[in-house]
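> First the structure, which I've put down as structure tokens, then a few questions once you've had a look.
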Protein chains: 6
Amino acid sequence: MNSIQHLIETALKEDIGPGDITTDNLVGPDLEGKGVIIAKEPLVIAGLDVARQVFECLDSEVIFRAGYKDGDVIKDGGTVAEVEGKLRVLLTGERTALNFLQRLSGIATCVRLYVDELANQSVRLVDTRKTAPGWRVLEKYAVRVGGAHNHRMGLYDGVLIKDNHIAACGGIIKAVDRIRANVSHLVKIEVEVSDLSQVKDAIDAGADVIMLDNMNIQQIKEAVAFINGKAAVEVSGGITKKGLKPLADTGVDIISVGALTHSARCVDISMQVEAAD
Amino acid sequence: MNSIQHLIETALKEDIGPGDITTDNLVGPDLEGKGVIIAKEPLVIAGLDVARQVFECLDSEVIFRAGYKDGDVIKDGGTVAEVEGKLRVLLTGERTALNFLQRLSGIATCVRLYVDELANQSVRLVDTRKTAPGWRVLEKYAVRVGGAHNHRMGLYDGVLIKDNHIAACGGIIKAVDRIRANVSHLVKIEVEVSDLSQVKDAIDAGADVIMLDNMNIQQIKEAVAFINGKAAVEVSGGITKKGLKPLADTGVDIISVGALTHSARCVDISMQVEAAD
Amino acid sequence: MNSIQHLIETALKEDIGPGDITTDNLVGPDLEGKGVIIAKEPLVIAGLDVARQVFECLDSEVIFRAGYKDGDVIKDGGTVAEVEGKLRVLLTGERTALNFLQRLSGIATCVRLYVDELANQSVRLVDTRKTAPGWRVLEKYAVRVGGAHNHRMGLYDGVLIKDNHIAACGGIIKAVDRIRANVSHLVKIEVEVSDLSQVKDAIDAGADVIMLDNMNIQQIKEAVAFINGKAAVEVSGGITKKGLKPLADTGVDIISVGALTHSARCVDISMQVEAAD
Amino acid sequence: MNSIQHLIETALKEDIGPGDITTDNLVGPDLEGKGVIIAKEPLVIAGLDVARQVFECLDSEVIFRAGYKDGDVIKDGGTVAEVEGKLRVLLTGERTALNFLQRLSGIATCVRLYVDELANQSVRLVDTRKTAPGWRVLEKYAVRVGGAHNHRMGLYDGVLIKDNHIAACGGIIKAVDRIRANVSHLVKIEVEVSDLSQVKDAIDAGADVIMLDNMNIQQIKEAVAFINGKAAVEVSGGITKKGLKPLADTGVDIISVGALTHSARCVDISMQVEAAD
Amino acid sequence: MNSIQHLIETALKEDIGPGDITTDNLVGPDLEGKGVIIAKEPLVIAGLDVARQVFECLDSEVIFRAGYKDGDVIKDGGTVAEVEGKLRVLLTGERTALNFLQRLSGIATCVRLYVDELANQSVRLVDTRKTAPGWRVLEKYAVRVGGAHNHRMGLYDGVLIKDNHIAACGGIIKAVDRIRANVSHLVKIEVEVSDLSQVKDAIDAGADVIMLDNMNIQQIKEAVAFINGKAAVEVSGGITKKGLKPLADTGVDIISVGALTHSARCVDISMQVEAAD
Amino acid sequence: MNSIQHLIETALKEDIGPGDITTDNLVGPDLEGKGVIIAKEPLVIAGLDVARQVFECLDSEVIFRAGYKDGDVIKDGGTVAEVEGKLRVLLTGERTALNFLQRLSGIATCVRLYVDELANQSVRLVDTRKTAPGWRVLEKYAVRVGGAHNHRMGLYDGVLIKDNHIAACGGIIKAVDRIRANVSHLVKIEVEVSDLSQVKDAIDAGADVIMLDNMNIQQIKEAVAFINGKAAVEVSGGITKKGLKPLADTGVDIISVGALTHSARCVDISMQVEAAD
């Protein structure tokens, strides 16, 4: 059972607990029904497969027909998907399925706006680790659906050396040397720097990526010129949608934005259920 | 292990995976450090105990000193808490602890704004089941911290009879009768209605709470007058912060707002770490 | 995986461990067989679906045909169900399936005797939380199958204020006020009282249900008269089957009896297995 | 985490769920209290350590002082144990702790009556696998506490060849030979037989134990004489407490009785809680 | 879910983690493929069913066709099995399936060499508890596939009294008496002894099996003669393949060899995958 | 609970099951003891912390004093560690602790021999994913303890494009382009090639690492010359200890050897236990 299935099971357990006392007592086990999932505002859909799994987790015989695929834009009022199966299953699973859809689509929709801002520019827009605990894999998926890229998945699949690490090792060059000796040769090493002197150390150390932390546009331009392709350049920290273009124009390779995940609001998606004739 | 501890463990696993390859390789296991958690904007703090548990889950000897208690307002720049312990533990746990804090405090801060809107009015502002899957208990806790109340926790601890249930049973009265015979006498029965005729049925059925679904102010006033204290009255559906006061003035008892949880954004909280001398 | 499936898996694991060394070594994997589950005494059957799941958990292709539905009375010698499938599966699953059936049917059979005692009376007979740890949902289900009702499922879906809670709050009225402010409006509040003075407080506090604890018949009558419909009345404590009718005649609304679950004995159910020709 | 700790956690989860809404809202987190666990009828106590673990699982700082050890007889009114700690913990854990104690002590008390019936006889009284699913290890423990012995723990730690196994193999001798070749040399082989001809086969096969299934006293005597110490002899099936002595007089070595576990009723144990001064 | 399924899931999780980033990004979800599993050296195959389950765990529609059954000898270059299904599933599951096969077949192949050394001798070659943690059931299975037998599965299904146990009890006879009174009558009692005086005690105590610990050939012969069939005789400790035959000639019943599991090396098995046309 | 703690718990469960019936019945719960863990052959120790955790998992009060740290060489007869605590805990945990130590130290010892072969050469010796399922993190740790490096941890933290991936994408350049667009910028891309034409494509595609698959020394030299520092070069496939030096002399950067994990045998480590006076 992978982490997404685990979250789906957890979600159903926390909502249903020992039982949906309303539905179990009022709706016969043999009644069939149909649910229509509808976008109540324009959105970029994400999580269709998760929503399908929510219903299938309750009853493997549910039929879930998506009218779109993840990443598609759906207009206000558009039919996202139709679900057919036991009426009990539709009513009990509805809220959980929507809770996944509204949140994942909210992220994808938010990301798309940022991505559009950078149209025709080669810079790579990436997310951060500022995700809702338990949702890392799903939120990073929604970011890709929206059109941006992922930074590392966690603390295990990429090296990011920050000031505390540097201090504990006695300098950037020592830190990079030591980490290179200890991690897989398939993992890149990124160093966070705050001034040109550190940029120079990072290049001397052979860092693969250099993160410019909270520098202004002018400082970024200087750093990019100095680095001159010897490492990839990332900027990070307090970046707004409006600030994207000027940043991209500095020639950096990567812009990371926490707001892609931590400040996206849920989009409005609802489900109309009706009993079969 | 309760559901919150489970989410904390899941969160640490998804971030750390097989290991924090940067910190484990660069920071010695015996180095001590101190972290200061800081509010980067005004906020209502929530989740201090969760943040503490994140660090303790990594190392039971961490010392976590909160300067506030959940529900307190903290100004921009205020010190939320201080953490002392192994430098490794501070660096590895930092992001997960902040991810909990920024989200829970975001909800509490949002809720407080709604609550303030209803100052001096006796109506009860409640949340919904529109929560992030896996976070139900925590988000509902943050709602209470913010000053509002909870609707039912899930499908198991309250009865809410909707149109599909009514249709499946052949009417409101039959539905209420059947459910009353089958659930514990400690569980109240709420019926969602869309017009006065249904209100009448719900009263005749002895419903404990009547939810007026998407009625306008005038209709709500009529319903309240008709019900006249024979059941508690809840309104729900598309309610904005601005719309709260006029709704409260109709005399309803309960207003439920999904946005309390599904549209709150994370607040900005950061942590400054430094090695001990 | 819900809590019942979890208990079924636990049960199979504790019985089979690393393997059924007798059957695995002596019965070929392709041999087919048939099992007939038989009532060895008159009983109210409960748990048919659980028994089916036990075998299906071992092999999803087992066919389980129940001759009755939960709640039916079966005579001594009656065929409860037939199971067809791999002989190995029948032999390995037999004891676990019967262990569920004999216990759940034992409760349903016991409950039916209590229910019959109260025939034609409107009082509601309910269970308590005196259940076998791990079996709460199943035992409460068997109580409903037997014809009685459930009290709250646990500490989370109903409020029951007892003497210690009252003392900690400084009185019944304060306790009810505080709890009403903190729990969902769909949860009823029950107060346990031991004399008329407390009854009065509970009514003044607006308690939904009042539990009369260990009062004698005369005291109960006085309390019922005093309460006069302003709250539901429950009696509890040391109630025998013989004592039910006199209690019901006092006009109380609810009688709770721990013996429904904690003192029911298992009924005798066996399974005859034979290899297919 | 062993299986008992797992059952304790499951029990607390099913009772507390998302929270003890009464206690959490009415009893301050710092209030201390004391609980006295009292026998409400004469009993053989069993499960003291389990009860202790229930409270410790909620709060490791609870102090649990047992006045007896498992297996002791306690009179009506005797103090089983005292528990000191947070009042919240006492109130929330009370029911679960008692649910374990009342059931395990019920089995031990029942077993003691059977054991006393066989005083001064060398026959070994043993239980069966007719236990409550999830409770195998605990119930078999209570049987030992009561003074009887255990049959095999499950299908994995002893061989018991029954009619279906014999038929599938083509005879007792083939079955015993095959199983001896496949299981550890530390596991004994028991064969269930229904007549003297099968007894002879079992001896020829070198069975370690022979179970006489539903034979009458006369047949048992003949079988014991025939076996004459070449194998241990067990009798099983429909044995009552009154029937124990005559069975023991036949010279059998082992008597197995399902009723030790499946028909024991819970004994009455309660807990008086009071807040500390 | 039994322990083997659990290990398979664990294995897939540890290899795949949040995703097979190479395959998921490069191979379309609908591409079909075929894999041929090939022996790269002569071997005794073991674990075919486990390998099948690995792929089925990823996709229940995979078709796994084994050309052999566990225990068969396969020549260098022989086709162990063919797997058909989604190309993604074959590529993602390949390494895990092979990791199981190469290790289990390695043990079976090693065991077969020991077994062949003892051809035509009645002595029973058995394994020990020196297995890789997490692999006990699987490694003991591979031992049986190789042609040897199992000692006890763990500390729960057989008694083995060693010097510390004897010392704690005050002698072999006291130890055997006490344990016989407390364990199931289906469990045999083995005593480890280091000289003839202890052998005598073990026989007097009625031990079922006597383990001669680190005795030389001459001592073993004397012990066997002394025991003379009154108990089974096991030898253990530092036994090489070459030393087997002389040991067997002493007349002992059981020889236990830790090297069967702890020193077997993996055999070389690979998988050739190709996309379907 | 991280994956190592999980494996420790699994290991203890599979060995102890429902109980260590020998020790629990023969050794009093209050007896204290001391165990001395001894190397029975020269070895590189690995897993001391795991062994400590095994005992602590049974009883948190055990004292474990290691005389060495992981990576140290210990002579035949050297004292690896001493353990003090309840005698029961020492006897029950002994086998599991040793099973971890003997296997992890076996890998570290084997790796050290390979590493010594490459003394004074800058090439990096790395392991593969050919590890025992469930042991990935531990075995890779033992490889580092032995002095070699790790290849990627699993399918999630590094890209390795093989022939099937290339075929599915229509060429190396397309494959590398597509994967670069989809994975984090911190993950390196390695391409497996079998001839110089593919080497050229891999360089043109900008691969970070090129794996030369089963090439002979002459081909490898040509490839290294051709690549000329534009990518790191790895060789893999059927490499023996003797073959290491000639390979290193070709100028490759990385040599991966599956035998480091899949063919290491356990080293001999034992534990002498004695009761405290």
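In the structure tokens, each chain is lettered A, B, ... as it comes, each chain's residues begin at 1, and ligands are numbered from 1 in order of appearance.
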Per residue of chain F within 7 Å of chain E, record the nearest atom pair and its distance in Å to one decimal, counting only C-alpha atoms, with rows in chain order and ascending residue number, as CSV.


residue,atom,partner,partner_atom,distance
F:Leu7,CA,E:Gly134,CA,6.6
F:Thr10,CA,E:Gly134,CA,5.9
F:Ala11,CA,E:Pro133,CA,4.8
F:Glu14,CA,E:Gly154,CA,6.9
F:Asp15,CA,E:Gly154,CA,4.5
F:Ile16,CA,E:Leu155,CA,5.1
F:Gly17,CA,E:Tyr156,CA,5.9
F:Pro18,CA,E:Tyr156,CA,6.3
F:Gly19,CA,E:Tyr156,CA,5.3
F:Asp20,CA,E:Leu155,CA,4.6
F:Ile21,CA,E:Tyr156,CA,5.5
F:Thr22,CA,E:Val159,CA,5.3
F:Thr23,CA,E:His165,CA,6.8
F:Asn25,CA,E:Ile179,CA,6.1
F:Leu26,CA,E:His165,CA,6.0
F:Val27,CA,E:Ala168,CA,5.8
F:Thr96,CA,E:Pro133,CA,6.9
F:Asn99,CA,E:Lys130,CA,6.0
F:Phe100,CA,E:Pro133,CA,6.8
F:Lys130,CA,E:Asn99,CA,6.0
F:Thr131,CA,E:Asn99,CA,6.4
F:Ala132,CA,E:Asn99,CA,6.2
F:Pro133,CA,E:Ala11,CA,4.8
F:Gly134,CA,E:Ala11,CA,5.1
F:Arg136,CA,E:Glu14,CA,6.9
F:Gly154,CA,E:Asp15,CA,4.5
F:Leu155,CA,E:Asp20,CA,4.6
F:Tyr156,CA,E:Asp20,CA,5.2
F:Val159,CA,E:Thr22,CA,5.3
F:Leu160,CA,E:Thr22,CA,6.4
F:Ile161,CA,E:Thr22,CA,6.5
F:Asn164,CA,E:Glu274,CA,6.7
F:His165,CA,E:Leu26,CA,6.0
F:Ala168,CA,E:Val27,CA,5.8
F:Cys169,CA,E:Leu26,CA,6.2
F:Ala175,CA,E:Leu26,CA,6.5
F:Ile179,CA,E:Asn25,CA,6.1
F:Asn182,CA,E:Asn25,CA,6.9
F:His262,CA,E:Cys266,CA,5.8
F:Ser263,CA,E:Arg265,CA,4.9
F:Ala264,CA,E:Arg265,CA,6.9
F:Arg265,CA,E:Ser263,CA,4.9
F:Cys266,CA,E:His262,CA,5.8
F:Glu274,CA,E:Asn164,CA,6.6

> Run DSSP on the backbone and give me the residues of stretch 180-258 of chain B it puts in helix (DSSP H, G or I), as JSON, numbers by chain.

{"B": [180, 181, 182, 196, 197, 198, 199, 200, 201, 202, 203, 204, 205, 217, 218, 219, 220, 221, 222, 223, 224, 225, 226, 227, 244, 245, 246, 247, 248, 249]}

> Could you write out the selected residues, including N, CA, C and O atoms, as a compact mmCIF listing (two decimals), in the first residue's frame?


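Writing done, so here's again_19.txt:
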# COMPACT_ATOMS: atom_id res chain seq x y z
N ARG B 180 -34.24 7.54 14.43
CA ARG B 180 -34.33 7.64 15.90
C ARG B 180 -34.36 6.24 16.52
O ARG B 180 -33.81 6.02 17.60
N ALA B 181 -34.98 5.31 15.81
CA ALA B 181 -35.07 3.95 16.33
C ALA B 181 -33.72 3.24 16.29
O ALA B 181 -33.52 2.24 16.96
N ASN B 182 -32.79 3.75 15.49
CA ASN B 182 -31.56 2.99 15.26
C ASN B 182 -30.29 3.60 15.83
O ASN B 182 -29.27 2.91 15.90
N LEU B 196 -40.43 25.85 3.23
CA LEU B 196 -41.21 25.87 4.47
C LEU B 196 -42.00 24.59 4.67
O LEU B 196 -42.23 24.15 5.80
N SER B 197 -42.41 23.98 3.57
CA SER B 197 -43.17 22.74 3.71
C SER B 197 -42.29 21.68 4.35
O SER B 197 -42.74 20.92 5.22
N GLN B 198 -41.02 21.66 3.97
CA GLN B 198 -40.12 20.69 4.59
C GLN B 198 -39.82 21.07 6.04
O GLN B 198 -39.64 20.21 6.89
N VAL B 199 -39.74 22.37 6.28
CA VAL B 199 -39.56 22.82 7.67
C VAL B 199 -40.67 22.25 8.55
O VAL B 199 -40.43 21.70 9.63
N LYS B 200 -41.88 22.33 8.05
CA LYS B 200 -43.02 21.83 8.81
C LYS B 200 -42.90 20.33 9.08
O LYS B 200 -43.10 19.86 10.20
N ASP B 201 -42.53 19.60 8.05
CA ASP B 201 -42.34 18.15 8.23
C ASP B 201 -41.26 17.88 9.28
O ASP B 201 -41.41 16.98 10.12
N ALA B 202 -40.18 18.63 9.20
CA ALA B 202 -39.08 18.39 10.13
C ALA B 202 -39.52 18.64 11.57
O ALA B 202 -39.16 17.90 12.49
N ILE B 203 -40.33 19.65 11.76
CA ILE B 203 -40.83 19.92 13.11
C ILE B 203 -41.77 18.81 13.55
O ILE B 203 -41.69 18.30 14.67
N ASP B 204 -42.65 18.43 12.65
CA ASP B 204 -43.58 17.35 13.00
C ASP B 204 -42.82 16.07 13.34
O ASP B 204 -43.26 15.28 14.18
N ALA B 205 -41.70 15.89 12.67
CA ALA B 205 -40.92 14.67 12.91
C ALA B 205 -40.12 14.75 14.21
O ALA B 205 -39.58 13.76 14.68
N ILE B 217 -32.45 35.69 2.84
CA ILE B 217 -32.69 36.26 4.17
C ILE B 217 -34.18 36.25 4.54
O ILE B 217 -34.56 35.87 5.66
N GLN B 218 -35.00 36.58 3.58
CA GLN B 218 -36.42 36.63 3.86
C GLN B 218 -36.98 35.25 4.21
O GLN B 218 -37.72 35.08 5.17
N GLN B 219 -36.58 34.29 3.41
CA GLN B 219 -37.03 32.92 3.67
C GLN B 219 -36.54 32.43 5.03
O GLN B 219 -37.25 31.73 5.76
N ILE B 220 -35.32 32.80 5.34
CA ILE B 220 -34.76 32.37 6.63
C ILE B 220 -35.57 32.97 7.77
O ILE B 220 -35.92 32.27 8.74
N LYS B 221 -35.90 34.24 7.64
CA LYS B 221 -36.68 34.88 8.70
C LYS B 221 -38.02 34.18 8.89
O LYS B 221 -38.46 33.93 10.01
N GLU B 222 -38.66 33.86 7.78
CA GLU B 222 -39.95 33.16 7.89
C GLU B 222 -39.78 31.80 8.56
O GLU B 222 -40.59 31.39 9.40
N ALA B 223 -38.71 31.11 8.18
CA ALA B 223 -38.49 29.79 8.76
C ALA B 223 -38.25 29.89 10.26
O ALA B 223 -38.80 29.12 11.05
N VAL B 224 -37.43 30.87 10.64
CA VAL B 224 -37.15 31.04 12.06
C VAL B 224 -38.43 31.32 12.84
O VAL B 224 -38.67 30.76 13.92
N ALA B 225 -39.25 32.16 12.27
CA ALA B 225 -40.50 32.50 12.93
C ALA B 225 -41.38 31.27 13.05
O ALA B 225 -42.00 31.00 14.09
N PHE B 226 -41.43 30.51 11.98
CA PHE B 226 -42.27 29.32 11.97
C PHE B 226 -41.79 28.28 12.98
O PHE B 226 -42.57 27.68 13.70
N ILE B 227 -40.49 28.08 12.99
CA ILE B 227 -39.92 27.07 13.90
C ILE B 227 -40.09 27.50 15.35
O ILE B 227 -40.44 26.69 16.21
N LEU B 244 -22.21 37.50 7.29
CA LEU B 244 -22.46 36.90 8.59
C LEU B 244 -23.47 37.68 9.43
O LEU B 244 -24.41 37.12 9.99
N LYS B 245 -23.24 38.98 9.51
CA LYS B 245 -24.06 39.80 10.41
C LYS B 245 -25.54 39.77 10.03
O LYS B 245 -26.39 39.53 10.87
N PRO B 246 -25.85 40.05 8.75
CA PRO B 246 -27.26 39.97 8.36
C PRO B 246 -27.87 38.61 8.67
O PRO B 246 -29.02 38.52 9.12
N LEU B 247 -27.11 37.56 8.49
CA LEU B 247 -27.62 36.23 8.80
C LEU B 247 -27.90 36.10 10.29
O LEU B 247 -28.94 35.57 10.71
N ALA B 248 -26.96 36.57 11.08
CA ALA B 248 -27.13 36.48 12.53
C ALA B 248 -28.38 37.23 12.96
O ALA B 248 -29.10 36.82 13.88
N ASP B 249 -28.64 38.34 12.28
CA ASP B 249 -29.81 39.16 12.66
C ASP B 249 -31.13 38.46 12.39
O ASP B 249 -32.18 38.88 12.88

> Please provide the set of residues having any atom within 7 Å of stretch 36-42 of chain F, restricted to only C-alpha atoms, with same-chain residues fewer than 3 positions apart removed, written as a list of chain:residue names.

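Close residues of stretch 36-42 of chain F: F:Ile74, F:Lys75, F:Asp76, F:Gly77, F:Gly78, F:Thr79, F:Val80, F:Ala81, F:Glu82, F:Val83, F:Asp268, F:Ile269, F:Ser270, F:Met271, F:Gln272, F:Val273.
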
> So that I have them on file, write out the residues from the current selection with all heavy atoms, as a tab-separated table (two decimals), in the first residue's frame.


chain	number	residue	atom	x	y	z
F	74	ILE	N	37.95	-5.80	14.76
F	74	ILE	CA	38.03	-6.52	16.03
F	74	ILE	C	38.70	-7.86	15.77
F	74	ILE	O	38.39	-8.55	14.80
F	74	ILE	CB	36.64	-6.71	16.66
F	74	ILE	CG1	35.92	-5.36	16.78
F	74	ILE	CG2	36.75	-7.38	18.03
F	74	ILE	CD1	34.58	-5.43	17.48
F	75	LYS	N	39.62	-8.23	16.64
F	75	LYS	CA	40.33	-9.49	16.47
F	75	LYS	C	39.49	-10.66	16.95
F	75	LYS	O	38.56	-10.49	17.72
F	75	LYS	CB	41.64	-9.46	17.29
F	75	LYS	CG	42.66	-8.48	16.79
F	75	LYS	CD	43.94	-8.57	17.62
F	75	LYS	CE	44.87	-7.41	17.27
F	75	LYS	NZ	46.00	-7.33	18.20
F	76	ASP	N	39.88	-11.84	16.53
F	76	ASP	CA	39.25	-13.06	17.01
F	76	ASP	C	39.33	-13.08	18.53
F	76	ASP	O	40.41	-12.93	19.11
F	76	ASP	CB	39.99	-14.26	16.41
F	76	ASP	CG	39.33	-15.57	16.78
F	76	ASP	OD1	38.30	-15.55	17.49
F	76	ASP	OD2	39.83	-16.61	16.35
F	77	GLY	N	38.21	-13.22	19.18
F	77	GLY	CA	38.17	-13.28	20.64
F	77	GLY	C	37.93	-11.94	21.30
F	77	GLY	O	37.72	-11.87	22.52
F	78	GLY	N	37.90	-10.88	20.51
F	78	GLY	CA	37.69	-9.55	21.08
F	78	GLY	C	36.28	-9.39	21.63
F	78	GLY	O	35.32	-9.96	21.10
F	79	THR	N	36.16	-8.58	22.66
F	79	THR	CA	34.86	-8.32	23.26
F	79	THR	C	34.17	-7.19	22.50
F	79	THR	O	34.58	-6.03	22.57
F	79	THR	CB	35.00	-7.93	24.73
F	79	THR	OG1	35.52	-9.05	25.44
F	79	THR	CG2	33.66	-7.53	25.33
F	80	VAL	N	33.14	-7.50	21.79
F	80	VAL	CA	32.42	-6.51	20.99
F	80	VAL	C	31.64	-5.55	21.88
F	80	VAL	O	31.69	-4.34	21.70
F	80	VAL	CB	31.45	-7.24	20.03
F	80	VAL	CG1	30.60	-6.24	19.26
F	80	VAL	CG2	32.23	-8.16	19.09
F	81	ALA	N	30.94	-6.11	22.85
F	81	ALA	CA	30.10	-5.29	23.72
F	81	ALA	C	29.69	-6.10	24.93
F	81	ALA	O	29.78	-7.33	24.94
F	81	ALA	CB	28.86	-4.81	22.96
F	82	GLU	N	29.24	-5.38	25.95
F	82	GLU	CA	28.68	-6.03	27.12
F	82	GLU	C	27.27	-5.50	27.35
F	82	GLU	O	26.99	-4.32	27.13
F	82	GLU	CB	29.54	-5.73	28.35
F	82	GLU	CG	30.92	-6.39	28.27
F	82	GLU	CD	31.75	-6.11	29.51
F	82	GLU	OE1	31.38	-5.17	30.27
F	82	GLU	OE2	32.73	-6.82	29.72
F	83	VAL	N	26.40	-6.39	27.79
F	83	VAL	CA	25.01	-6.02	28.02
F	83	VAL	C	24.63	-6.42	29.43
F	83	VAL	O	24.87	-7.56	29.84
F	83	VAL	CB	24.06	-6.77	27.04
F	83	VAL	CG1	22.78	-6.00	26.84
F	83	VAL	CG2	24.75	-7.10	25.74
F	268	ASP	N	31.17	-14.71	12.44
F	268	ASP	CA	30.79	-15.48	13.63
F	268	ASP	C	30.94	-14.62	14.89
F	268	ASP	O	32.02	-14.20	15.26
F	268	ASP	CB	31.70	-16.73	13.71
F	268	ASP	CG	31.16	-17.75	14.70
F	268	ASP	OD1	30.11	-17.50	15.31
F	268	ASP	OD2	31.80	-18.81	14.85
F	269	ILE	N	29.82	-14.36	15.50
F	269	ILE	CA	29.78	-13.55	16.73
F	269	ILE	C	28.90	-14.30	17.72
F	269	ILE	O	27.82	-14.77	17.34
F	269	ILE	CB	29.19	-12.15	16.45
F	269	ILE	CG1	30.03	-11.41	15.40
F	269	ILE	CG2	29.11	-11.33	17.73
F	269	ILE	CD1	29.47	-10.06	14.99
F	270	SER	N	29.34	-14.43	18.95
F	270	SER	CA	28.50	-15.14	19.91
F	270	SER	C	28.34	-14.31	21.19
F	270	SER	O	28.95	-13.25	21.33
F	270	SER	CB	29.11	-16.49	20.25
F	270	SER	OG	30.26	-16.31	21.06
F	271	MET	N	27.51	-14.79	22.07
F	271	MET	CA	27.26	-14.06	23.32
F	271	MET	C	27.29	-15.04	24.48
F	271	MET	O	26.64	-16.08	24.45
F	271	MET	CB	25.90	-13.34	23.22
F	271	MET	CG	25.47	-12.62	24.48
F	271	MET	SD	24.14	-11.39	24.12
F	271	MET	CE	23.28	-11.38	25.69
F	272	GLN	N	28.10	-14.71	25.48
F	272	GLN	CA	28.15	-15.52	26.70
F	272	GLN	C	27.31	-14.82	27.76
F	272	GLN	O	27.59	-13.68	28.10
F	272	GLN	CB	29.60	-15.64	27.21
F	272	GLN	CG	30.52	-16.33	26.23
F	272	GLN	CD	30.12	-17.77	25.96
F	272	GLN	OE1	29.57	-18.44	26.83
F	272	GLN	NE2	30.34	-18.23	24.74
F	273	VAL	N	26.33	-15.52	28.27
F	273	VAL	CA	25.45	-14.92	29.27
F	273	VAL	C	25.70	-15.57	30.62
F	273	VAL	O	25.91	-16.78	30.71
F	273	VAL	CB	23.96	-15.12	28.88
F	273	VAL	CG1	23.06	-14.50	29.93
F	273	VAL	CG2	23.69	-14.54	27.52

> Would you pick out the contacts of C:Leu260 at 8 Å or less, using only C-alpha atoms, so that residues sharing its chain but fewer than 6 positions from it are not included, and give the list as a VMD selection string?

chain C and resid 107 110 to 111 127 143

> How would you write, as a PyMOL selection string, the set of residues in stretch 62-227 of chain F that DSSP gives as strand (DSSP E or B)?

chain F and resi 63-66+73-74+79-86+124-126+149+159-161+187+189-193+209-213

> Neighbours of A:Ala119 within 12 Å (only C-alpha atoms; same-chain residues fewer than 3 positions away dropped), as a ChimeraX atom specification?

/A:112-116,122-125,147-148,244-245,248
